[in-house]
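Colleague: Quick one: this structure, given as structure tokens, is what I'll be asking you about.
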Number of protein chains: 2
Amino acid sequence: MPTLAQPGKTTIGWMGTGVMGNSMCGHLMAAGYKAVVHTRTKAKAEALLQKGAAWADTPKELASQCDVVFGIVGFPSDVEEVFLGAHGALAGSKPGTILVDMTTSKPSLAVQIHDRAKEKGVYSLDAPVTGGDIGARNAALSIMVGGEGEVLEAVRPLFSAMGKIIVHHGPAGAGQNAKMVNQILIAGNMMGVCEALTYAFRAGLDVEKVLQSVSSGAAGSFSLTSLGPRVLKGDFEPGFYVEHFIKDMGIALEESRRMGLFMPGLALAQQLYLAVQAQGMGKKGTQALVLALQQMAHSR
Amino acid sequence: MPTLAQPGKTTIGWMGTGVMGNSMCGHLMAAGYKAVVHTRTKAKAEALLQKGAAWADTPKELASQCDVVFGIVGFPSDVEEVFLGAHGALAGSKPGTILVDMTTSKPSLAVQIHDRAKEKGVYSLDAPVTGGDIGARNAALSIMVGGEGEVLEAVRPLFSAMGKIIVHHGPAGAGQNAKMVNQILIAGNMMGVCEALTYAFRAGLDVEKVLQSVSSGAAGSFSLTSLGPRVLKGDFEPGFYVEHFIKDMGIALEESRRMGLFMPGLALAQQLYLAVQAQGMGKKGTQALVLALQQMAHSR
């Protein structure tokens with residue numbers, strides 16, 4: 001039976017201190033949990049270290065000092081390295097340690113981590129999130145959890161310090177699958193948003209007025225409301241990176257293919273975002289698709 | 001200068017008494033306007049006739065008795081016939097009559113009606129709507145208006161009896177272009193929604209729980225919130241007909257091509273909905289795309 005997390009008693013480990021990880025780990029420390037951190041570039045952990053987190057040189061060393069180990073890193077290859085590598089968290093875990101991967105990653109990798117952990121008496125959850133940098137900052141994330149229910153209950157106090165919507169979707173990998181659903185929704189919607197804005201510009205409409213007409217009706221969406229105004233201001237800075245989105249769509253396509261699914265919209269969206277990346281905008285926000293579409297339009 | 005519409009004084013004409021037209025004309029009558037109606041199948045006007053509307057055998061005859069003539073019919077060819085045909089509304093209009101087409105139709109046709117009307121001293125607006133049957137019933141439509149501003153002001157009291165958001169988008173055709181933006185948004189989003197639901201089902205997730213995780217975040221949209229639960233219940237009845245959506249996407253694609261725009265998502269969405277129609281589901285609601293995607297998936 002996994003041990004219930006408690007402030008002052010439980011030590012948490014945090015791997016990956018990007019925009020998301022920084023805020024999320026910060027919330028756990030503010031809630032009274034001791035923290036040990038590790039990240040590829042130590043400078044990126046500086047803010048957390050100054051708040052009193054301890055430093056570990058490797059995920060393995062980190063895990064040996066912790067009860068619950070979180071990771072939110074970049075690509076599935078990074079997940080594999082920090083959890084399953086020779087110097088990874090599992091190698092340093094004692095029986096009863098709980099591993100929680102919050103990266104958006106492969107469902108099959110989540111199952112693999114879970115099974116390898118289980119052989120050592122270690123618990124594991126996949127728990128990717130949605131809500132972006134703002135959700136992370138405001139502890140308002142939606143957390144999609146896969147793994148055993150009793151393990152989720154043991155770390156629920158930790159999740160509650162980071163997110164508002166915490167849903168158990170099933171066994172290992174189910175959290176990642178729920179996140180894939182989220183990304184497939186965004187893929188279709190972003191094509192609609194960026195093509196529609198392109199049409200509006202080129203038809204000579206006042207785009208602000210168009211947003212007024214369409215935002216609260218059947219065509220309304222979070223992406224339209226949050227990204228439409230940014231595009232209007234010419235702001236293509238990342239809320240969500242093009243290159244991370246390409247990665248996520250790749251995972252969803254791979255899983256879809258494995259399941260024999262027909263996903264033409266998702267496949268097209270990934271191709272379009274590859275074109276955005278090819279135009280040098282991989283580090284821009286997903287709204288940069290508008291720029292690529294305009295590049296590909298007949299100029300007048 | 002067009003005459004301001006006033007209850008008790010202004011007589012309105014209404015062509016097309018489907019689900020939308022029936023509610024919309026009913027609101028105008030409830031607001032105190034005398035009404036004359038015409039529709040292809042007289043039985044469909046029965047409810048309005050019982051409320052006291054007069055009947056006209058042709059759009060021409062109808063227009064000869066009215067100050068403002070509204071139309072909300074099916075396809076651009078119907079719009080052309082009821083407004084510009086030999087027995088159409090323009091043929092019966094006196095100078096100063098105002099024609100208002102609320103059908104989703106071609107921007108170029110709106111310009112044509114406007115120009116032909118102008119030659120006769122008749123005013124014209126294009127004013128398609130969004131909000132569906134429920135918006136029509138609750139007088140909560142969003143009305144997208146193209147044409148002269150002073151003509152819009154003259155009929156604003158009438159629009160206010162039918163809708164909540166009334167925006168002037170520019171000269172003749174601009175209302176239709178704004179509506180095209182709305183439909184392009186829906187096209188992309190529906191691919192996302194239907195592919196995502198298909199993934200969720202086939203990955204073995206509890207779709208209701210998935211909706212809980214994703215609906216209020218970055219993947220959230222009106223379509224997801226309103227159609228997701230219908231799909232879950234196996235309800236494929238039309239909120240919005242597949243065959244009307246195909247028509248709208250066709251107009252948007254034609255206009256896009258005219259403008260030299262690259263619209264791959266929209267083009268794919270139309271093809272997919274043609275497949276839905278080919279499977280005999282043209283009279284189903286747009287959420288029926290889920291069924292078509294599952295047909296095209298590898299069965300297990």
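A note on labels: chains of the structure tokens are A, B, ... as shown, every chain counts residues from 1, and ligands are counted from 1 in their shown order.
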Which parts of region 24-247 of chain B does DSSP call strand (DSSP E) when run on the backbone here, written out as a PyMOL selection string?
Modeller: chain B and resi 34-38+54-55+68-71+98-101+123-126+129-130+141-146+163-170
Colleague: So that I can check the surroundings of region 37-54 of chain B, please list as a PyMOL selection string every protein, DNA and RNA residue that reaches within 10 Å of it, counting only C-alpha atoms and ignoring chain neighbours fewer than 2 positions away.
Modeller: chain B and resi 12-19+21-23+25-26+29-30+33-35+56-63+69-73+82
Colleague: Would you write out those residues with C-alpha atoms, as a PDB file, in the first residue's frame?
Modeller:
ATOM      1  CA  ILE B  12     -42.563  42.509 -42.850  1.00  0.00           C
ATOM      2  CA  GLY B  13     -42.424  39.686 -45.356  1.00  0.00           C
ATOM      3  CA  TRP B  14     -40.912  36.314 -44.540  1.00  0.00           C
ATOM      4  CA  MET B  15     -39.707  33.758 -47.090  1.00  0.00           C
ATOM      5  CA  GLY B  16     -38.639  30.339 -45.847  1.00  0.00           C
ATOM      6  CA  THR B  17     -40.335  28.932 -42.759  1.00  0.00           C
ATOM      7  CA  GLY B  18     -38.039  26.106 -41.705  1.00  0.00           C
ATOM      8  CA  VAL B  19     -36.937  25.630 -38.106  1.00  0.00           C
ATOM      9  CA  GLY B  21     -37.460  31.055 -40.100  1.00  0.00           C
ATOM     10  CA  ASN B  22     -40.434  29.912 -38.068  1.00  0.00           C
ATOM     11  CA  SER B  23     -38.922  31.087 -34.768  1.00  0.00           C
ATOM     12  CA  CYS B  25     -40.640  35.453 -37.938  1.00  0.00           C
ATOM     13  CA  GLY B  26     -42.577  34.495 -34.813  1.00  0.00           C
ATOM     14  CA  MET B  29     -44.899  39.086 -34.979  1.00  0.00           C
ATOM     15  CA  ALA B  30     -44.713  38.899 -31.177  1.00  0.00           C
ATOM     16  CA  TYR B  33     -45.076  43.651 -36.714  1.00  0.00           C
ATOM     17  CA  LYS B  34     -47.645  42.651 -39.343  1.00  0.00           C
ATOM     18  CA  ALA B  35     -46.312  39.737 -41.352  1.00  0.00           C
ATOM     19  CA  ALA B  56     -48.607  35.284 -50.393  1.00  0.00           C
ATOM     20  CA  ASP B  57     -48.433  32.895 -53.331  1.00  0.00           C
ATOM     21  CA  THR B  58     -45.100  34.159 -54.624  1.00  0.00           C
ATOM     22  CA  PRO B  59     -42.151  36.182 -53.283  1.00  0.00           C
ATOM     23  CA  LYS B  60     -43.067  38.887 -55.805  1.00  0.00           C
ATOM     24  CA  GLU B  61     -46.628  39.159 -54.488  1.00  0.00           C
ATOM     25  CA  LEU B  62     -45.273  39.106 -50.910  1.00  0.00           C
ATOM     26  CA  ALA B  63     -42.788  41.925 -51.553  1.00  0.00           C
ATOM     27  CA  VAL B  69     -38.595  41.355 -46.849  1.00  0.00           C
ATOM     28  CA  PHE B  70     -36.596  38.628 -45.106  1.00  0.00           C
ATOM     29  CA  GLY B  71     -35.430  35.344 -46.586  1.00  0.00           C
ATOM     30  CA  ILE B  72     -33.868  32.326 -44.929  1.00  0.00           C
ATOM     31  CA  VAL B  73     -33.952  29.474 -47.416  1.00  0.00           C
ATOM     32  CA  VAL B  82     -36.692  34.031 -54.189  1.00  0.00           C
TER      33      VAL B  82
END
Colleague: Identify every residue of chain A that has at least one atom within 6 Å of any atom of chain B, counting only C-alpha atoms, and report the result as a ChimeraX atom specification.
Modeller: /A:131,181-182,184-186,188-189,191-193,196,214,217-222,260-262,265,297-298
Colleague: Could you save those same residues with N, CA and C atoms as a compact mmCIF listing (two decimals), in the first residue's frame?
Modeller:
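Generated output (part.txt):
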# COMPACT_ATOMS: atom_id res chain seq x y z
N GLY A 131 -3.41 23.08 -19.48
CA GLY A 131 -3.62 24.34 -18.77
C GLY A 131 -2.47 25.32 -19.01
N VAL A 181 -6.13 12.71 -26.55
CA VAL A 181 -7.45 13.21 -26.95
C VAL A 181 -7.43 14.75 -26.94
N ASN A 182 -6.87 15.30 -25.89
CA ASN A 182 -6.75 16.76 -25.77
C ASN A 182 -5.98 17.35 -26.95
N ILE A 184 -5.44 16.00 -29.95
CA ILE A 184 -6.16 15.81 -31.22
C ILE A 184 -7.23 16.90 -31.38
N LEU A 185 -7.90 17.22 -30.28
CA LEU A 185 -8.88 18.32 -30.31
C LEU A 185 -8.20 19.62 -30.73
N ILE A 186 -7.05 19.90 -30.14
CA ILE A 186 -6.35 21.15 -30.45
C ILE A 186 -5.87 21.17 -31.90
N GLY A 188 -7.14 19.80 -34.69
CA GLY A 188 -8.22 20.18 -35.62
C GLY A 188 -8.60 21.63 -35.43
N ASN A 189 -8.75 21.99 -34.18
CA ASN A 189 -9.21 23.35 -33.89
C ASN A 189 -8.23 24.41 -34.38
N MET A 191 -6.23 24.26 -36.93
CA MET A 191 -6.38 24.44 -38.38
C MET A 191 -7.56 25.36 -38.65
N GLY A 192 -8.67 25.09 -37.97
CA GLY A 192 -9.86 25.93 -38.15
C GLY A 192 -9.58 27.38 -37.79
N VAL A 193 -8.96 27.60 -36.64
CA VAL A 193 -8.69 28.97 -36.17
C VAL A 193 -7.76 29.70 -37.15
N ALA A 196 -9.37 30.24 -40.62
CA ALA A 196 -10.45 31.22 -40.51
C ALA A 196 -9.90 32.64 -40.37
N VAL A 214 -18.38 35.78 -33.79
CA VAL A 214 -18.30 34.31 -33.82
C VAL A 214 -17.82 33.66 -32.52
N GLY A 217 -20.48 31.78 -30.14
CA GLY A 217 -21.44 30.85 -30.74
C GLY A 217 -20.86 29.48 -31.00
N ALA A 218 -21.43 28.80 -31.99
CA ALA A 218 -21.08 27.42 -32.31
C ALA A 218 -19.62 27.28 -32.74
N ALA A 219 -19.01 28.38 -33.18
CA ALA A 219 -17.62 28.33 -33.64
C ALA A 219 -16.64 28.69 -32.53
N GLY A 220 -17.16 28.97 -31.37
CA GLY A 220 -16.32 29.43 -30.26
C GLY A 220 -15.44 28.34 -29.69
N SER A 221 -14.25 28.73 -29.24
CA SER A 221 -13.33 27.79 -28.59
C SER A 221 -12.33 28.56 -27.76
N PHE A 222 -11.70 27.84 -26.85
CA PHE A 222 -10.65 28.43 -26.04
C PHE A 222 -9.52 28.96 -26.92
N GLY A 260 -5.27 1.14 -35.51
CA GLY A 260 -5.96 1.00 -36.80
C GLY A 260 -6.92 2.14 -37.10
N LEU A 261 -6.70 3.30 -36.48
CA LEU A 261 -7.65 4.41 -36.65
C LEU A 261 -7.32 5.28 -37.86
N PHE A 262 -8.37 5.88 -38.39
CA PHE A 262 -8.28 6.80 -39.54
C PHE A 262 -8.31 8.22 -38.98
N GLY A 265 -7.45 14.41 -40.24
CA GLY A 265 -7.28 15.79 -39.77
C GLY A 265 -5.99 15.93 -38.96
N ALA A 297 -0.29 31.20 -49.36
CA ALA A 297 -1.38 31.77 -50.15
C ALA A 297 -0.80 32.53 -51.33
N HIS A 298 -1.60 32.64 -52.35
CA HIS A 298 -1.22 33.41 -53.52
C HIS A 298 -1.18 34.88 -53.13
Colleague: What does chain B look like after a least-squares fit onto chain A on every Cα paired in order, written as a short mmCIF file (atom, residue, chain, number, x, y, z; two decimals) with C-alpha atoms, in the first residue's frame?
Modeller:
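So the final result, stored in out.cif, reads:
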data_model
loop_
_atom_site.label_atom_id
_atom_site.label_comp_id
_atom_site.auth_asym_id
_atom_site.auth_seq_id
_atom_site.Cartn_x
_atom_site.Cartn_y
_atom_site.Cartn_z
CA MET B 1 0.02 0.01 0.00
CA PRO B 2 1.61 3.34 -1.01
CA THR B 3 2.18 5.92 1.73
CA LEU B 4 -0.03 9.03 1.80
CA ALA B 5 1.94 12.20 1.04
CA GLN B 6 2.12 14.65 3.94
CA PRO B 7 3.68 18.11 4.18
CA GLY B 8 6.74 18.12 6.45
CA LYS B 9 7.12 14.35 6.19
CA THR B 10 7.16 13.55 2.50
CA THR B 11 10.19 14.51 0.41
CA ILE B 12 9.48 15.11 -3.24
CA GLY B 13 11.92 15.02 -6.12
CA TRP B 14 11.49 17.16 -9.21
CA MET B 15 13.12 16.51 -12.59
CA GLY B 16 12.75 19.14 -15.30
CA THR B 17 12.48 22.78 -14.25
CA GLY B 18 11.17 24.50 -17.37
CA VAL B 19 8.31 26.98 -17.26
CA MET B 20 5.85 24.29 -16.15
CA GLY B 21 8.08 22.39 -13.71
CA ASN B 22 9.28 25.55 -12.01
CA SER B 23 5.75 26.66 -11.08
CA MET B 24 4.53 23.18 -10.20
CA CYS B 25 7.46 22.30 -7.90
CA GLY B 26 7.18 25.76 -6.38
CA HIS B 27 3.56 25.04 -5.37
CA LEU B 28 4.60 21.81 -3.64
CA MET B 29 7.35 23.60 -1.71
CA ALA B 30 4.89 26.36 -0.75
CA ALA B 31 2.55 23.63 0.53
CA GLY B 32 5.29 22.47 2.94
CA TYR B 33 7.01 19.62 1.10
CA LYS B 34 10.80 19.23 1.17
CA ALA B 35 12.11 19.15 -2.37
CA VAL B 36 15.17 17.84 -4.21
CA VAL B 37 15.60 18.98 -7.81
CA HIS B 38 17.54 17.90 -10.87
CA THR B 39 17.55 19.31 -14.35
CA ARG B 40 19.85 19.20 -17.38
CA THR B 41 20.93 22.83 -17.08
CA LYS B 42 21.46 23.63 -13.40
CA ALA B 43 20.95 27.37 -13.96
CA LYS B 44 17.30 26.67 -14.75
CA ALA B 45 16.81 25.29 -11.23
CA GLU B 46 18.23 28.43 -9.60
CA ALA B 47 14.87 29.88 -8.55
CA LEU B 48 13.86 26.66 -6.78
CA LEU B 49 17.30 26.23 -5.17
CA GLN B 50 17.02 29.76 -3.77
CA LYS B 51 13.65 28.84 -2.29
CA GLY B 52 15.40 26.03 -0.40
CA ALA B 53 15.28 23.01 -2.68
CA ALA B 54 18.26 20.63 -2.50
CA TRP B 55 20.20 19.74 -5.65
CA ALA B 56 20.91 16.24 -6.96
CA ASP B 57 23.44 15.56 -9.70
CA THR B 58 21.49 12.73 -11.30
CA PRO B 59 17.89 11.44 -11.29
CA LYS B 60 19.20 8.29 -9.59
CA GLU B 61 20.77 10.27 -6.75
CA LEU B 62 17.60 12.39 -6.50
CA ALA B 63 15.30 9.35 -6.26
CA SER B 64 17.40 7.79 -3.50
CA GLN B 65 16.44 10.74 -1.24
CA CYS B 66 12.75 11.01 -2.13
CA ASP B 67 9.36 9.43 -1.48
CA VAL B 68 7.71 10.76 -4.62
CA VAL B 69 9.61 11.63 -7.81
CA PHE B 70 8.04 13.87 -10.46
CA GLY B 71 9.27 14.45 -13.99
CA ILE B 72 8.16 16.96 -16.59
CA VAL B 73 10.75 16.98 -19.35
CA GLY B 74 10.69 17.33 -23.15
CA PHE B 75 10.46 14.29 -25.38
CA PRO B 76 9.74 10.60 -24.75
CA SER B 77 13.48 9.93 -25.11
CA ASP B 78 14.08 12.32 -22.19
CA VAL B 79 11.38 10.59 -20.16
CA GLU B 80 13.01 7.24 -20.83
CA GLU B 81 16.40 8.55 -19.78
CA VAL B 82 15.37 10.28 -16.54
CA PHE B 83 13.14 7.42 -15.36
CA LEU B 84 14.65 4.25 -16.84
CA GLY B 85 18.25 5.20 -17.72
CA ALA B 86 21.35 3.85 -15.96
CA HIS B 87 21.38 7.04 -13.88
CA GLY B 88 17.60 7.35 -13.93
CA ALA B 89 15.13 7.67 -11.09
CA LEU B 90 14.08 4.02 -11.04
CA ALA B 91 17.70 2.93 -10.49
CA GLY B 92 17.77 5.00 -7.28
CA SER B 93 14.27 4.17 -6.03
CA LYS B 94 13.56 2.11 -2.91
CA PRO B 95 10.52 -0.18 -2.74
CA GLY B 96 7.50 2.04 -2.06
CA THR B 97 8.86 5.06 -3.93
CA ILE B 98 6.26 6.63 -6.25
CA LEU B 99 7.30 7.80 -9.74
CA VAL B 100 5.05 10.33 -11.49
CA ASP B 101 5.68 11.33 -15.10
CA MET B 102 3.84 14.54 -15.96
CA THR B 103 5.45 14.96 -19.40
CA THR B 104 3.18 14.47 -22.42
CA SER B 105 4.67 11.21 -23.63
CA LYS B 106 3.87 7.81 -25.14
CA PRO B 107 1.17 5.67 -23.54
CA SER B 108 3.33 2.62 -24.28
CA LEU B 109 6.31 4.16 -22.47
CA ALA B 110 4.08 4.86 -19.46
CA VAL B 111 3.17 1.16 -19.41
CA GLN B 112 6.86 0.24 -19.68
CA ILE B 113 7.86 2.49 -16.77
CA HIS B 114 4.98 1.10 -14.72
CA ASP B 115 5.94 -2.51 -15.37
CA ARG B 116 9.67 -2.00 -14.78
CA ALA B 117 8.89 -0.11 -11.55
CA LYS B 118 6.54 -2.83 -10.34
CA GLU B 119 9.33 -5.43 -10.60
CA LYS B 120 11.22 -3.40 -7.99
CA GLY B 121 8.21 -2.77 -5.74
CA VAL B 122 8.14 0.84 -6.96
CA TYR B 123 4.85 2.58 -7.85
CA SER B 124 4.28 4.61 -11.00
CA LEU B 125 1.71 7.00 -12.48
CA ASP B 126 1.44 8.81 -15.80
CA ALA B 127 -0.08 12.22 -15.16
CA PRO B 128 0.22 14.67 -18.05
CA VAL B 129 -1.45 18.03 -17.69
CA THR B 130 -3.29 20.66 -19.64
CA GLY B 131 -3.62 24.32 -18.78
CA GLY B 132 -0.25 25.65 -19.97
CA ASP B 133 2.08 28.06 -18.22
CA ILE B 134 -0.80 30.08 -16.81
CA GLY B 135 -2.54 26.98 -15.40
CA ALA B 136 0.78 25.90 -13.85
CA ARG B 137 1.35 29.33 -12.32
CA ASN B 138 -2.17 29.49 -10.85
CA ALA B 139 -2.22 25.86 -9.65
CA ALA B 140 -5.20 25.41 -11.97
CA LEU B 141 -4.02 22.53 -14.15
CA SER B 142 -6.15 19.65 -15.34
CA ILE B 143 -4.23 16.46 -14.44
CA MET B 144 -4.99 13.25 -16.38
CA VAL B 145 -3.93 10.22 -14.40
CA GLY B 146 -3.16 6.65 -15.45
CA GLY B 147 -2.10 3.89 -13.03
CA GLU B 148 -3.49 2.26 -9.88
CA GLY B 149 -6.17 4.20 -8.03
CA GLU B 150 -4.54 3.68 -4.63
CA VAL B 151 -1.31 5.25 -5.88
CA LEU B 152 -3.27 8.25 -7.13
CA GLU B 153 -4.92 8.57 -3.70
CA ALA B 154 -1.50 8.54 -2.02
CA VAL B 155 -0.28 11.51 -4.08
CA ARG B 156 -3.62 13.30 -4.41
CA PRO B 157 -2.58 15.99 -1.87
CA LEU B 158 0.37 16.77 -4.15
CA PHE B 159 -1.77 16.93 -7.29
CA SER B 160 -4.26 19.14 -5.46
CA ALA B 161 -1.48 21.68 -4.79
CA MET B 162 -0.85 21.93 -8.56
CA GLY B 163 -4.19 21.41 -10.25
CA LYS B 164 -7.94 21.85 -10.04
CA ILE B 165 -9.25 18.98 -12.16
CA ILE B 166 -7.76 15.59 -11.25
CA VAL B 167 -9.27 12.64 -13.09
CA HIS B 168 -8.27 8.97 -12.94
CA HIS B 169 -8.60 7.60 -16.48
CA GLY B 170 -7.61 3.98 -15.92
CA PRO B 171 -4.47 1.82 -15.77
CA ALA B 172 -0.93 2.88 -16.78
CA GLY B 173 -0.98 4.77 -20.08
CA ALA B 174 -4.59 5.96 -19.71
CA GLY B 175 -3.48 9.42 -18.56
CA GLN B 176 -1.34 9.75 -21.69
CA ASN B 177 -4.20 8.55 -23.86
CA ALA B 178 -6.52 11.17 -22.35
CA LYS B 179 -3.87 13.80 -23.09
CA MET B 180 -3.71 12.56 -26.70
CA VAL B 181 -7.47 13.21 -26.95
CA ASN B 182 -6.75 16.75 -25.78
CA GLN B 183 -4.03 17.25 -28.40
CA ILE B 184 -6.15 15.81 -31.23
CA LEU B 185 -8.88 18.32 -30.32
CA ILE B 186 -6.36 21.15 -30.45
CA ALA B 187 -4.90 19.96 -33.77
CA GLY B 188 -8.22 20.18 -35.63
CA ASN B 189 -9.22 23.35 -33.90
CA MET B 190 -5.94 25.15 -34.67
CA MET B 191 -6.37 24.45 -38.38
CA GLY B 192 -9.86 25.95 -38.16
CA VAL B 193 -8.69 28.97 -36.17
CA CYS B 194 -5.69 29.76 -38.37
CA GLU B 195 -7.46 29.19 -41.70
CA ALA B 196 -10.45 31.23 -40.51
CA LEU B 197 -8.24 34.14 -39.42
CA THR B 198 -6.41 34.00 -42.75
CA TYR B 199 -9.73 34.13 -44.60
CA ALA B 200 -10.91 37.03 -42.47
CA PHE B 201 -7.74 39.06 -43.11
CA ARG B 202 -7.76 38.41 -46.83
CA ALA B 203 -11.48 39.04 -47.26
CA GLY B 204 -10.77 42.51 -45.88
CA LEU B 205 -12.86 42.06 -42.75
CA ASP B 206 -12.19 43.82 -39.45
CA VAL B 207 -10.98 40.74 -37.57
CA GLU B 208 -11.79 42.17 -34.17
CA LYS B 209 -15.43 42.58 -35.23
CA VAL B 210 -15.48 39.08 -36.64
CA LEU B 211 -14.28 37.70 -33.30
CA GLN B 212 -17.15 39.60 -31.68
CA SER B 213 -19.65 37.85 -33.99
CA VAL B 214 -18.30 34.32 -33.82
CA SER B 215 -16.55 33.81 -30.47
CA SER B 216 -19.55 33.07 -28.29
CA GLY B 217 -21.44 30.85 -30.75
CA ALA B 218 -21.08 27.42 -32.32
CA ALA B 219 -17.62 28.32 -33.65
CA GLY B 220 -16.32 29.43 -30.27
CA SER B 221 -13.35 27.79 -28.61
CA PHE B 222 -10.67 28.42 -26.04
CA SER B 223 -8.03 28.60 -28.80
CA LEU B 224 -9.96 31.20 -30.73
CA THR B 225 -10.54 33.37 -27.68
CA SER B 226 -6.99 33.11 -26.39
CA LEU B 227 -4.97 33.06 -29.63
CA GLY B 228 -7.15 35.21 -31.95
CA PRO B 229 -6.27 38.46 -30.17
CA ARG B 230 -2.56 37.49 -30.04
CA VAL B 231 -2.49 36.95 -33.81
CA LEU B 232 -4.20 40.31 -34.28
CA LYS B 233 -1.39 41.98 -32.32
CA GLY B 234 1.23 40.07 -34.32
CA ASP B 235 2.27 38.20 -31.18
CA PHE B 236 3.64 34.77 -32.11
CA GLU B 237 5.51 34.06 -28.88
CA PRO B 238 4.97 30.57 -27.50
CA GLY B 239 2.14 29.75 -25.15
CA PHE B 240 2.72 26.27 -26.53
CA TYR B 241 5.76 25.52 -28.75
CA VAL B 242 5.27 24.37 -32.34
CA GLU B 243 7.98 21.71 -31.91
CA HIS B 244 6.36 20.24 -28.80
CA PHE B 245 3.02 20.14 -30.57
CA ILE B 246 4.61 18.25 -33.47
CA LYS B 247 5.99 15.74 -30.97
CA ASP B 248 2.56 15.28 -29.35
CA MET B 249 0.81 14.83 -32.69
CA GLY B 250 3.47 12.30 -33.65
CA ILE B 251 2.69 10.24 -30.56
CA ALA B 252 -1.06 10.46 -31.22
CA LEU B 253 -0.56 9.39 -34.84
CA GLU B 254 1.65 6.48 -33.84
CA GLU B 255 -0.89 5.28 -31.28
CA SER B 256 -3.74 5.80 -33.75
CA ARG B 257 -1.97 3.74 -36.34
CA ARG B 258 -1.35 1.00 -33.78
CA MET B 259 -5.11 1.00 -33.08
CA GLY B 260 -5.94 1.00 -36.82
CA LEU B 261 -7.63 4.41 -36.67
CA PHE B 262 -8.28 6.82 -39.56
CA MET B 263 -7.06 10.28 -38.48
CA PRO B 264 -6.83 12.47 -41.58
CA GLY B 265 -7.25 15.81 -39.79
CA LEU B 266 -4.57 15.01 -37.25
CA ALA B 267 -2.19 13.82 -39.98
CA LEU B 268 -2.74 16.98 -42.00
CA ALA B 269 -2.29 19.20 -38.94
CA GLN B 270 1.05 17.56 -38.21
CA GLN B 271 2.19 18.08 -41.80
CA LEU B 272 1.21 21.75 -41.64
CA TYR B 273 3.09 22.23 -38.39
CA LEU B 274 6.12 20.53 -39.95
CA ALA B 275 5.88 23.23 -42.64
CA VAL B 276 5.73 25.89 -39.90
CA GLN B 277 8.85 24.36 -38.35
CA ALA B 278 10.56 24.16 -41.76
CA GLN B 279 9.99 27.90 -42.08
CA GLY B 280 12.11 28.37 -38.96
CA MET B 281 9.26 28.80 -36.49
CA GLY B 282 9.63 25.68 -34.33
CA LYS B 283 10.17 27.81 -31.22
CA LYS B 284 7.15 30.02 -31.93
CA GLY B 285 3.70 29.46 -30.48
CA THR B 286 1.15 27.26 -32.27
CA GLN B 287 -0.64 30.36 -33.60
CA ALA B 288 2.31 30.76 -36.02
CA LEU B 289 0.39 28.47 -38.36
CA VAL B 290 -1.31 31.67 -39.54
CA LEU B 291 2.02 32.93 -40.86
CA ALA B 292 2.71 29.68 -42.70
CA LEU B 293 -0.75 29.68 -44.31
CA GLN B 294 -0.22 33.23 -45.50
CA GLN B 295 3.17 32.25 -46.92
CA MET B 296 1.43 29.53 -48.86
CA ALA B 297 -1.37 31.78 -50.10
CA HIS B 298 -1.20 33.43 -53.48
CA SER B 299 0.08 36.94 -52.84
CA ARG B 300 -1.76 39.90 -54.29
#
Colleague: Among region 89-249 of chain B, which ones does DSSP place in helix (DSSP H, G or I), written as number ranges by chain?
Modeller: B: 89-92, 107-119, 132-137, 149-162, 174-202, 207-214, 222-232, 242-249
